[in-house]
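Undergrad: Pasting start_13.csv below, which is CSV, N, CA, C and O atoms.
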chain,number,residue,atom,x,y,z
R,1,MET,N,48.3,-70.4,-201.7
R,1,MET,CA,49.1,-69.2,-201.7
R,1,MET,C,49.4,-68.9,-203.2
R,1,MET,O,49.3,-67.7,-203.5
R,2,ALA,N,49.9,-69.8,-204.0
R,2,ALA,CA,50.2,-69.5,-205.3
R,2,ALA,C,49.0,-69.0,-206.1
R,2,ALA,O,49.2,-68.1,-206.9
R,3,LEU,N,47.8,-69.6,-205.9
R,3,LEU,CA,46.6,-69.1,-206.5
R,3,LEU,C,46.4,-67.7,-206.2
R,3,LEU,O,46.1,-66.9,-207.1
R,4,ALA,N,46.5,-67.3,-205.0
R,4,ALA,CA,46.2,-65.9,-204.6
R,4,ALA,C,47.2,-64.9,-205.3
R,4,ALA,O,46.8,-63.9,-205.7
R,5,ILE,N,48.5,-65.3,-205.4
R,5,ILE,CA,49.4,-64.5,-206.1
R,5,ILE,C,49.1,-64.4,-207.6
R,5,ILE,O,49.1,-63.3,-208.2
R,6,LEU,N,48.7,-65.5,-208.2
R,6,LEU,CA,48.3,-65.5,-209.6
R,6,LEU,C,47.0,-64.6,-209.8
R,6,LEU,O,47.0,-63.8,-210.7
R,7,VAL,N,46.0,-64.7,-208.9
R,7,VAL,CA,44.8,-63.9,-209.0
R,7,VAL,C,45.2,-62.4,-208.9
R,7,VAL,O,44.8,-61.6,-209.7
R,8,ASN,N,46.0,-62.0,-207.9
R,8,ASN,CA,46.4,-60.6,-207.8
R,8,ASN,C,47.2,-60.1,-208.9
R,8,ASN,O,47.1,-59.0,-209.3
R,9,THR,N,48.0,-61.0,-209.6
R,9,THR,CA,48.8,-60.5,-210.7
R,9,THR,C,48.0,-60.2,-211.9
R,9,THR,O,48.2,-59.3,-212.7
R,10,PHE,N,46.9,-61.0,-212.2
R,10,PHE,CA,46.1,-60.9,-213.4
R,10,PHE,C,44.7,-60.4,-213.1
R,10,PHE,O,43.9,-60.4,-214.0
R,11,ALA,N,44.4,-59.8,-211.9
R,11,ALA,CA,43.1,-59.4,-211.6
R,11,ALA,C,42.6,-58.4,-212.6
R,11,ALA,O,43.3,-57.4,-212.8
R,12,MET,N,41.4,-58.6,-213.2
R,12,MET,CA,40.7,-57.7,-214.0
R,12,MET,C,39.3,-57.6,-213.5
R,12,MET,O,38.9,-58.4,-212.7
R,13,ALA,N,38.6,-56.6,-214.0
R,13,ALA,CA,37.2,-56.4,-213.6
R,13,ALA,C,36.4,-57.4,-214.3
R,13,ALA,O,36.2,-57.3,-215.5
R,14,VAL,N,35.9,-58.4,-213.6
R,14,VAL,CA,35.0,-59.5,-214.2
R,14,VAL,C,33.6,-59.1,-213.8
R,14,VAL,O,33.3,-58.9,-212.6
R,15,THR,N,32.7,-59.2,-214.8
R,15,THR,CA,31.3,-59.0,-214.5
R,15,THR,C,30.5,-60.2,-215.0
R,15,THR,O,30.7,-60.6,-216.2
R,16,LEU,N,29.7,-60.8,-214.2
R,16,LEU,CA,28.9,-62.0,-214.5
R,16,LEU,C,27.5,-61.5,-214.6
R,16,LEU,O,26.9,-61.1,-213.6
R,17,HIS,N,26.9,-61.7,-215.7
R,17,HIS,CA,25.5,-61.4,-215.9
R,17,HIS,C,24.7,-62.7,-215.7
R,17,HIS,O,25.0,-63.7,-216.4
R,18,GLY,N,23.8,-62.7,-214.8
R,18,GLY,CA,23.1,-64.0,-214.6
R,18,GLY,C,21.9,-63.8,-213.6
R,18,GLY,O,21.6,-62.8,-213.1
R,19,THR,N,21.3,-65.0,-213.4
R,19,THR,CA,20.2,-65.1,-212.4
R,19,THR,C,20.3,-66.4,-211.6
R,19,THR,O,21.0,-67.3,-212.1
R,20,PRO,N,19.7,-66.4,-210.4
R,20,PRO,CA,19.8,-67.6,-209.6
R,20,PRO,C,19.1,-68.8,-210.3
R,20,PRO,O,19.4,-70.0,-210.0
R,21,GLN,N,18.2,-68.6,-211.2
R,21,GLN,CA,17.5,-69.6,-211.9
R,21,GLN,C,18.3,-70.2,-213.1
R,21,GLN,O,17.8,-71.2,-213.7
R,22,SER,N,19.4,-69.7,-213.4
R,22,SER,CA,20.2,-70.2,-214.5
R,22,SER,C,21.4,-71.0,-213.9
R,22,SER,O,21.4,-71.3,-212.8
R,23,ARG,N,22.4,-71.2,-214.8
R,23,ARG,CA,23.6,-71.9,-214.3
R,23,ARG,C,24.7,-70.9,-213.8
R,23,ARG,O,25.8,-71.2,-213.5
R,24,SER,N,24.3,-69.6,-213.7
R,24,SER,CA,25.2,-68.6,-213.1
R,24,SER,C,25.7,-68.9,-211.8
R,24,SER,O,26.9,-68.7,-211.5
R,25,PRO,N,25.0,-69.5,-210.8
R,25,PRO,CA,25.5,-69.8,-209.5
R,25,PRO,C,26.8,-70.7,-209.6
R,25,PRO,O,27.6,-70.6,-208.7
R,26,LEU,N,26.8,-71.6,-210.6
R,26,LEU,CA,28.0,-72.5,-210.7
R,26,LEU,C,29.3,-71.6,-211.0
R,26,LEU,O,30.3,-71.9,-210.4
R,27,VAL,N,29.1,-70.6,-211.9
R,27,VAL,CA,30.2,-69.7,-212.2
R,27,VAL,C,30.6,-68.9,-210.9
R,27,VAL,O,31.7,-68.7,-210.6
R,28,ASN,N,29.6,-68.4,-210.2
R,28,ASN,CA,29.8,-67.6,-209.0
R,28,ASN,C,30.6,-68.5,-208.0
R,28,ASN,O,31.6,-68.0,-207.4
R,29,TRP,N,30.2,-69.7,-207.8
R,29,TRP,CA,30.8,-70.6,-206.9
R,29,TRP,C,32.3,-70.8,-207.2
R,29,TRP,O,33.2,-70.7,-206.3
R,30,PHE,N,32.6,-71.0,-208.5
R,30,PHE,CA,34.0,-71.2,-208.9
R,30,PHE,C,34.8,-70.0,-208.6
R,30,PHE,O,35.9,-70.0,-208.1
R,31,ALA,N,34.2,-68.8,-209.0
R,31,ALA,CA,35.0,-67.5,-208.8
R,31,ALA,C,35.3,-67.3,-207.3
R,31,ALA,O,36.4,-66.9,-207.0
R,32,ILE,N,34.3,-67.6,-206.5
R,32,ILE,CA,34.5,-67.4,-205.0
R,32,ILE,C,35.5,-68.3,-204.5
R,32,ILE,O,36.5,-68.0,-203.8
R,33,GLU,N,35.4,-69.6,-204.9
R,33,GLU,CA,36.4,-70.6,-204.4
R,33,GLU,C,37.8,-70.3,-204.9
R,33,GLU,O,38.8,-70.6,-204.2
R,34,ALA,N,37.9,-69.8,-206.1
R,34,ALA,CA,39.3,-69.5,-206.7
R,34,ALA,C,39.8,-68.1,-206.3
R,34,ALA,O,40.9,-67.7,-206.7
R,35,GLY,N,39.0,-67.3,-205.6
R,35,GLY,CA,39.4,-66.0,-205.1
R,35,GLY,C,39.4,-65.0,-206.3
R,35,GLY,O,40.2,-64.0,-206.2
R,36,ILE,N,38.6,-65.2,-207.3
R,36,ILE,CA,38.5,-64.3,-208.4
R,36,ILE,C,37.4,-63.2,-208.1
R,36,ILE,O,36.3,-63.5,-207.9
R,37,PRO,N,37.9,-61.9,-208.0
R,37,PRO,CA,36.9,-60.9,-207.7
R,37,PRO,C,35.9,-60.7,-208.9
R,37,PRO,O,36.4,-60.7,-210.1
R,38,PHE,N,34.7,-60.5,-208.7
R,38,PHE,CA,33.7,-60.3,-209.7
R,38,PHE,C,32.5,-59.5,-209.2
R,38,PHE,O,32.3,-59.4,-208.0
R,39,THR,N,31.8,-59.0,-210.2
R,39,THR,CA,30.6,-58.2,-209.9
R,39,THR,C,29.4,-58.9,-210.6
R,39,THR,O,29.5,-59.4,-211.8
R,40,MET,N,28.3,-59.0,-209.9
R,40,MET,CA,27.1,-59.6,-210.5
R,40,MET,C,26.3,-58.5,-211.2
R,40,MET,O,26.3,-57.3,-210.7
R,41,ALA,N,25.6,-58.8,-212.3
R,41,ALA,CA,24.8,-57.8,-213.1
R,41,ALA,C,23.6,-58.6,-213.6
R,41,ALA,O,23.6,-59.8,-213.8
R,42,PRO,N,22.6,-57.9,-214.0
R,42,PRO,CA,21.4,-58.5,-214.5
R,42,PRO,C,21.7,-59.1,-215.9
R,42,PRO,O,22.7,-58.7,-216.6
R,43,PRO,N,20.9,-60.0,-216.4
R,43,PRO,CA,21.1,-60.6,-217.7
R,43,PRO,C,21.1,-59.5,-218.8
R,43,PRO,O,20.5,-58.5,-218.7
R,44,ARG,N,21.9,-59.8,-219.8
R,44,ARG,CA,21.9,-58.9,-221.0
R,44,ARG,C,22.1,-59.8,-222.2
R,44,ARG,O,22.7,-60.9,-222.2
R,45,PRO,N,21.7,-59.3,-223.4
R,45,PRO,CA,21.9,-60.0,-224.6
R,45,PRO,C,23.4,-60.1,-224.9
R,45,PRO,O,24.2,-59.3,-224.7
R,46,SER,N,23.8,-61.3,-225.5
R,46,SER,CA,25.1,-61.5,-226.0
R,46,SER,C,25.3,-60.8,-227.3
R,46,SER,O,24.4,-60.6,-228.1
R,47,ASN,N,26.6,-60.3,-227.5
R,47,ASN,CA,26.9,-59.7,-228.8
R,47,ASN,C,27.5,-60.7,-229.8
R,47,ASN,O,27.9,-60.4,-230.9
R,48,HIS,N,27.6,-62.0,-229.4
R,48,HIS,CA,28.2,-63.0,-230.2
R,48,HIS,C,27.3,-63.4,-231.4
R,48,HIS,O,26.0,-63.5,-231.2
R,49,PRO,N,27.8,-63.5,-232.6
R,49,PRO,CA,27.0,-63.8,-233.7
R,49,PRO,C,26.2,-65.1,-233.7
R,49,PRO,O,25.2,-65.2,-234.4
R,50,PHE,N,26.6,-66.1,-232.9
R,50,PHE,CA,25.9,-67.3,-232.8
R,50,PHE,C,24.8,-67.3,-231.8
R,50,PHE,O,24.1,-68.3,-231.6
R,51,ASP,N,24.6,-66.2,-231.1
R,51,ASP,CA,23.7,-66.1,-230.1
R,51,ASP,C,22.8,-64.8,-230.3
R,51,ASP,O,22.8,-63.9,-229.5
R,52,GLN,N,22.1,-64.8,-231.4
R,52,GLN,CA,21.3,-63.6,-231.8
R,52,GLN,C,19.8,-63.9,-231.8
R,52,GLN,O,19.1,-63.3,-232.6
R,53,ALA,N,19.3,-64.7,-230.9
R,53,ALA,CA,17.9,-64.9,-230.8
R,53,ALA,C,17.3,-63.6,-230.4
R,53,ALA,O,17.8,-62.9,-229.5
R,54,PRO,N,16.2,-63.1,-231.0
R,54,PRO,CA,15.7,-61.8,-230.7
R,54,PRO,C,15.1,-61.8,-229.3
R,54,PRO,O,14.5,-62.7,-228.8
R,55,ALA,N,15.3,-60.7,-228.6
R,55,ALA,CA,14.8,-60.4,-227.3
R,55,ALA,C,15.1,-61.4,-226.2
R,55,ALA,O,14.3,-61.7,-225.4
R,56,THR,N,16.2,-62.1,-226.3
R,56,THR,CA,16.6,-63.0,-225.3
R,56,THR,C,17.9,-62.5,-224.6
R,56,THR,O,18.7,-61.9,-225.2
R,57,ALA,N,18.0,-62.9,-223.3
R,57,ALA,CA,19.3,-62.6,-222.6
R,57,ALA,C,19.9,-63.9,-222.3
R,57,ALA,O,19.3,-64.8,-221.7
R,58,THR,N,21.2,-64.1,-222.7
R,58,THR,CA,21.9,-65.3,-222.4
R,58,THR,C,22.6,-65.2,-221.0
R,58,THR,O,23.2,-64.2,-220.7
R,59,VAL,N,22.3,-66.2,-220.2
R,59,VAL,CA,23.0,-66.3,-218.9
R,59,VAL,C,23.5,-67.7,-218.7
R,59,VAL,O,22.9,-68.6,-219.2
R,60,PRO,N,24.6,-67.8,-218.1
R,60,PRO,CA,25.5,-66.7,-217.7
R,60,PRO,C,26.2,-66.1,-218.9
R,60,PRO,O,26.4,-66.8,-219.9
R,61,PHE,N,26.5,-64.9,-218.7
R,61,PHE,CA,27.3,-64.1,-219.7
R,61,PHE,C,28.3,-63.4,-219.0
R,61,PHE,O,28.0,-62.6,-218.1
R,62,LEU,N,29.6,-63.6,-219.3
R,62,LEU,CA,30.7,-63.0,-218.6
R,62,LEU,C,31.5,-62.0,-219.4
R,62,LEU,O,31.7,-62.2,-220.6
R,63,THR,N,31.8,-60.8,-218.8
R,63,THR,CA,32.6,-59.9,-219.5
R,63,THR,C,33.8,-59.5,-218.6
R,63,THR,O,33.7,-59.6,-217.4
R,64,ASP,N,34.9,-59.0,-219.2
R,64,ASP,CA,36.0,-58.4,-218.4
R,64,ASP,C,36.4,-57.1,-219.0
R,64,ASP,O,36.1,-56.8,-220.2
R,65,ASP,N,37.2,-56.4,-218.3
R,65,ASP,CA,37.7,-55.1,-218.8
R,65,ASP,C,38.7,-55.2,-219.9
R,65,ASP,O,39.1,-54.2,-220.5
R,66,GLY,N,39.1,-56.4,-220.3
R,66,GLY,CA,40.0,-56.6,-221.4
R,66,GLY,C,39.2,-56.8,-222.7
R,66,GLY,O,39.8,-57.1,-223.8
R,67,GLY,N,37.8,-56.7,-222.7
R,67,GLY,CA,37.0,-56.8,-223.8
R,67,GLY,C,36.5,-58.2,-224.1
R,67,GLY,O,35.8,-58.5,-225.1
R,68,VAL,N,36.8,-59.2,-223.3
R,68,VAL,CA,36.4,-60.6,-223.5
R,68,VAL,C,34.9,-60.7,-223.1
R,68,VAL,O,34.4,-60.1,-222.1
R,69,GLU,N,34.2,-61.4,-224.0
R,69,GLU,CA,32.8,-61.7,-223.7
R,69,GLU,C,32.6,-63.2,-223.9
R,69,GLU,O,32.9,-63.8,-225.0
R,70,VAL,N,32.1,-63.9,-222.9
R,70,VAL,CA,31.9,-65.4,-222.9
R,70,VAL,C,30.5,-65.7,-222.4
R,70,VAL,O,30.1,-65.2,-221.4
R,71,PHE,N,29.8,-66.6,-223.2
R,71,PHE,CA,28.5,-67.0,-222.7
R,71,PHE,C,28.5,-68.5,-222.6
R,71,PHE,O,29.3,-69.2,-223.2
R,72,GLU,N,27.6,-69.0,-221.8
R,72,GLU,CA,27.4,-70.4,-221.4
R,72,GLU,C,28.3,-70.8,-220.2
R,72,GLU,O,29.5,-70.4,-220.2
R,73,SER,N,27.8,-71.5,-219.3
R,73,SER,CA,28.5,-71.7,-218.0
R,73,SER,C,29.8,-72.4,-218.2
R,73,SER,O,30.8,-72.0,-217.6
R,74,GLY,N,29.8,-73.5,-219.0
R,74,GLY,CA,31.1,-74.2,-219.2
R,74,GLY,C,32.2,-73.4,-219.8
R,74,GLY,O,33.3,-73.4,-219.4
R,75,ALA,N,31.8,-72.5,-220.8
R,75,ALA,CA,32.8,-71.7,-221.4
R,75,ALA,C,33.3,-70.6,-220.4
R,75,ALA,O,34.5,-70.3,-220.4
R,76,CYS,N,32.4,-70.1,-219.6
R,76,CYS,CA,32.8,-69.1,-218.6
R,76,CYS,C,33.7,-69.7,-217.6
R,76,CYS,O,34.8,-69.1,-217.2
R,77,LEU,N,33.4,-70.9,-217.1
R,77,LEU,CA,34.3,-71.6,-216.2
R,77,LEU,C,35.7,-71.9,-216.8
R,77,LEU,O,36.7,-71.7,-216.1
R,78,LEU,N,35.8,-72.4,-218.0
R,78,LEU,CA,37.1,-72.6,-218.6
R,78,LEU,C,37.8,-71.3,-218.8
R,78,LEU,O,39.1,-71.3,-218.6
R,79,TYR,N,37.2,-70.3,-219.2
R,79,TYR,CA,37.9,-69.0,-219.3
R,79,TYR,C,38.5,-68.5,-218.0
R,79,TYR,O,39.6,-68.1,-217.9
R,80,LEU,N,37.7,-68.5,-216.9
R,80,LEU,CA,38.1,-68.1,-215.6
R,80,LEU,C,39.3,-69.0,-215.2
R,80,LEU,O,40.3,-68.5,-214.6
R,81,ALA,N,39.2,-70.3,-215.4
R,81,ALA,CA,40.3,-71.2,-214.9
R,81,ALA,C,41.6,-70.9,-215.7
R,81,ALA,O,42.6,-70.8,-215.2
R,82,ASP,N,41.4,-70.7,-217.0
R,82,ASP,CA,42.6,-70.4,-217.9
R,82,ASP,C,43.2,-69.1,-217.5
R,82,ASP,O,44.4,-68.9,-217.4
R,83,LYS,N,42.4,-68.1,-217.3
R,83,LYS,CA,42.9,-66.7,-217.1
R,83,LYS,C,43.5,-66.5,-215.7
R,83,LYS,O,44.5,-65.9,-215.5
R,84,TYR,N,42.8,-67.1,-214.7
R,84,TYR,CA,43.2,-66.8,-213.3
R,84,TYR,C,43.8,-67.9,-212.5
R,84,TYR,O,44.4,-67.7,-211.4
R,85,ALA,N,43.6,-69.2,-212.9
R,85,ALA,CA,43.9,-70.3,-212.0
R,85,ALA,C,44.8,-71.3,-212.6
R,85,ALA,O,45.2,-72.3,-211.9
R,86,SER,N,45.2,-71.2,-213.9
R,86,SER,CA,46.0,-72.3,-214.5
R,86,SER,C,47.3,-71.7,-215.1
R,86,SER,O,47.3,-70.7,-215.8
R,87,SER,N,48.4,-72.3,-214.8
R,87,SER,CA,49.7,-71.9,-215.4
R,87,SER,C,50.3,-73.1,-216.2
R,87,SER,O,51.3,-73.0,-216.7
R,88,SER,N,49.5,-74.2,-216.2
R,88,SER,CA,50.0,-75.4,-216.9
R,88,SER,C,48.8,-76.3,-217.3
R,88,SER,O,47.7,-76.1,-216.7
R,89,ALA,N,49.0,-77.2,-218.2
R,89,ALA,CA,48.0,-78.2,-218.5
R,89,ALA,C,47.6,-79.0,-217.3
R,89,ALA,O,46.4,-79.4,-217.2
R,90,GLU,N,48.5,-79.3,-216.5
R,90,GLU,CA,48.2,-80.1,-215.3
R,90,GLU,C,47.3,-79.4,-214.3
R,90,GLU,O,46.3,-79.9,-213.8
R,91,GLU,N,47.5,-78.1,-214.2
R,91,GLU,CA,46.6,-77.3,-213.3
R,91,GLU,C,45.3,-77.1,-214.0
R,91,GLU,O,44.3,-77.2,-213.3
R,92,ARG,N,45.3,-77.0,-215.3
R,92,ARG,CA,44.0,-76.8,-216.0
R,92,ARG,C,43.2,-78.1,-215.8
R,92,ARG,O,41.9,-78.1,-215.6
R,93,ALA,N,43.8,-79.3,-215.8
R,93,ALA,CA,43.1,-80.5,-215.6
R,93,ALA,C,42.4,-80.6,-214.3
R,93,ALA,O,41.4,-81.2,-214.1
R,94,ALA,N,43.0,-79.9,-213.3
R,94,ALA,CA,42.4,-79.9,-212.0
R,94,ALA,C,41.1,-79.1,-212.0
R,94,ALA,O,40.2,-79.3,-211.2
R,95,TRP,N,41.0,-78.0,-212.8
R,95,TRP,CA,39.9,-77.2,-212.8
R,95,TRP,C,38.8,-77.6,-213.8
R,95,TRP,O,37.6,-77.3,-213.7
R,96,THR,N,39.2,-78.4,-214.8
R,96,THR,CA,38.2,-78.7,-215.9
R,96,THR,C,37.0,-79.4,-215.4
R,96,THR,O,35.9,-79.1,-216.0
R,97,PRO,N,37.0,-80.3,-214.4
R,97,PRO,CA,35.7,-80.9,-214.0
R,97,PRO,C,34.7,-79.9,-213.5
R,97,PRO,O,33.5,-80.3,-213.6
R,98,TRP,N,35.0,-78.7,-213.1
R,98,TRP,CA,34.0,-77.7,-212.8
R,98,TRP,C,33.1,-77.4,-214.0
R,98,TRP,O,32.0,-77.0,-213.8
R,99,ALA,N,33.6,-77.5,-215.2
R,99,ALA,CA,32.9,-77.1,-216.3
R,99,ALA,C,32.0,-78.3,-216.9
R,99,ALA,O,31.1,-78.0,-217.6
R,100,PHE,N,32.2,-79.5,-216.4
R,100,PHE,CA,31.5,-80.6,-216.9
R,100,PHE,C,30.9,-81.4,-215.8
R,100,PHE,O,31.4,-82.5,-215.4
R,101,ASP,N,29.9,-80.9,-215.2
R,101,ASP,CA,29.3,-81.6,-214.0
R,101,ASP,C,28.1,-82.5,-214.4
R,101,ASP,O,27.5,-82.4,-215.4
Go ahead and express the file in the form of structure tokens.

TA:
Amino acid sequence: MALAILVNTFAMAVTLHGTPQSRSPLVNWFAIEAGIPFTMAPPRPSNHPFDQAPATATVPFLTDDGGVEVFESGACLLYLADKYASSSAEERAAWTPWAFD
């Protein structure tokens, strides 16, 4: 119940760019389990300066309407947990194993 209230309080438009052949399904699974609304989209290149390989699309790649851009599944999972599912270090510890399987 507390999780649902937290999600509704901070709900933003999350878009996950990915494919079934990548680690995107792990991020999908977490978002569904945590009740985080999201939209799937095709892969797209990252705008991050450390991810500038020509003509490649990084997946998973997550964006939200607050301007956040996150790539790599572990980073996406930690961002979602911090933003939507954690209000303390103890709660974050409960979500962290999702990022390190």

Undergrad: Quick one: distance from atom O of Glu90 (chain R) to CA of Met40 (chain R) in Å, one decimal?

TA: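 Value for the atom O of Glu90 (chain R)-CA of Met40 (chain R) distance: 28.1 Å.
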
Undergrad: One decimal, Å: what's the distance from CA of Pro43 (chain R) over to CA of Ala94 (chain R), could you say?

TA: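 Value for the CA of Pro43 (chain R)-CA of Ala94 (chain R) distance: 29.3 Å.
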
Undergrad: For Leu80 (chain R), list every protein, DNA or RNA residue within 8 Å, evaluated using all atoms listed in the file, and leave out those in the same chain fewer than 4 positions away; present the list as a PyMOL selection string.

TA: chain R and resi 30-31+34+36+73-76+84-86

Undergrad: Please report as JSON lines every residue of region 56-82 of chain R lying within 8 Å of region 18-21 of chain R, along with the nearest atom pair and their distance in Å (one decimal), using only N, CA, C and O atoms.

TA:
{"residue": "R:Thr58", "atom": "O", "partner": "R:Gly18", "partner_atom": "CA", "distance": 6.1}
{"residue": "R:Val59", "atom": "CA", "partner": "R:Gly18", "partner_atom": "CA", "distance": 4.9}
{"residue": "R:Pro60", "atom": "CA", "partner": "R:Gly18", "partner_atom": "CA", "distance": 4.8}
{"residue": "R:Phe61", "atom": "N", "partner": "R:Gly18", "partner_atom": "N", "distance": 5.2}
{"residue": "R:Leu62", "atom": "N", "partner": "R:Gly18", "partner_atom": "N", "distance": 7.4}

Undergrad: Those residues with N, CA, C and O atoms, as a PDB file, keeping the file's coordinate frame please?

TA:
ATOM      1  N   THR R  58      21.200 -64.100-222.700  1.00  0.00           N
ATOM      2  CA  THR R  58      21.900 -65.300-222.400  1.00  0.00           C
ATOM      3  C   THR R  58      22.600 -65.200-221.000  1.00  0.00           C
ATOM      4  O   THR R  58      23.200 -64.200-220.700  1.00  0.00           O
ATOM      5  N   VAL R  59      22.300 -66.200-220.200  1.00  0.00           N
ATOM      6  CA  VAL R  59      23.000 -66.300-218.900  1.00  0.00           C
ATOM      7  C   VAL R  59      23.500 -67.700-218.700  1.00  0.00           C
ATOM      8  O   VAL R  59      22.900 -68.600-219.200  1.00  0.00           O
ATOM      9  N   PRO R  60      24.600 -67.800-218.100  1.00  0.00           N
ATOM     10  CA  PRO R  60      25.500 -66.700-217.700  1.00  0.00           C
ATOM     11  C   PRO R  60      26.200 -66.100-218.900  1.00  0.00           C
ATOM     12  O   PRO R  60      26.400 -66.800-219.900  1.00  0.00           O
ATOM     13  N   PHE R  61      26.500 -64.900-218.700  1.00  0.00           N
ATOM     14  CA  PHE R  61      27.300 -64.100-219.700  1.00  0.00           C
ATOM     15  C   PHE R  61      28.300 -63.400-219.000  1.00  0.00           C
ATOM     16  O   PHE R  61      28.000 -62.600-218.100  1.00  0.00           O
ATOM     17  N   LEU R  62      29.600 -63.600-219.300  1.00  0.00           N
ATOM     18  CA  LEU R  62      30.700 -63.000-218.600  1.00  0.00           C
ATOM     19  C   LEU R  62      31.500 -62.000-219.400  1.00  0.00           C
ATOM     20  O   LEU R  62      31.700 -62.200-220.600  1.00  0.00           O
TER      21      LEU R  62
END

Undergrad: CA of Ala89 (chain R) to atom O of Leu77 (chain R): how many Å, to one decimal?

TA: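 So the two atoms, CA of Ala89 (chain R) and atom O of Leu77 (chain R), lie 13.3 Å apart.
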
Undergrad: Considering all atoms listed in the file, can you say which of R:Thr63, R:Val70, R:Phe38, R:Trp95 comes closest to Asp82 (chain R)?

TA: R:Trp95

Undergrad: I need the residues of region 14-91 of chain R that end up classed as strand (DSSP E or B) by DSSP on the backbone, written out as a ChimeraX atom specification.

TA: /R:14-17,38-41,44,58,61-64,69-71
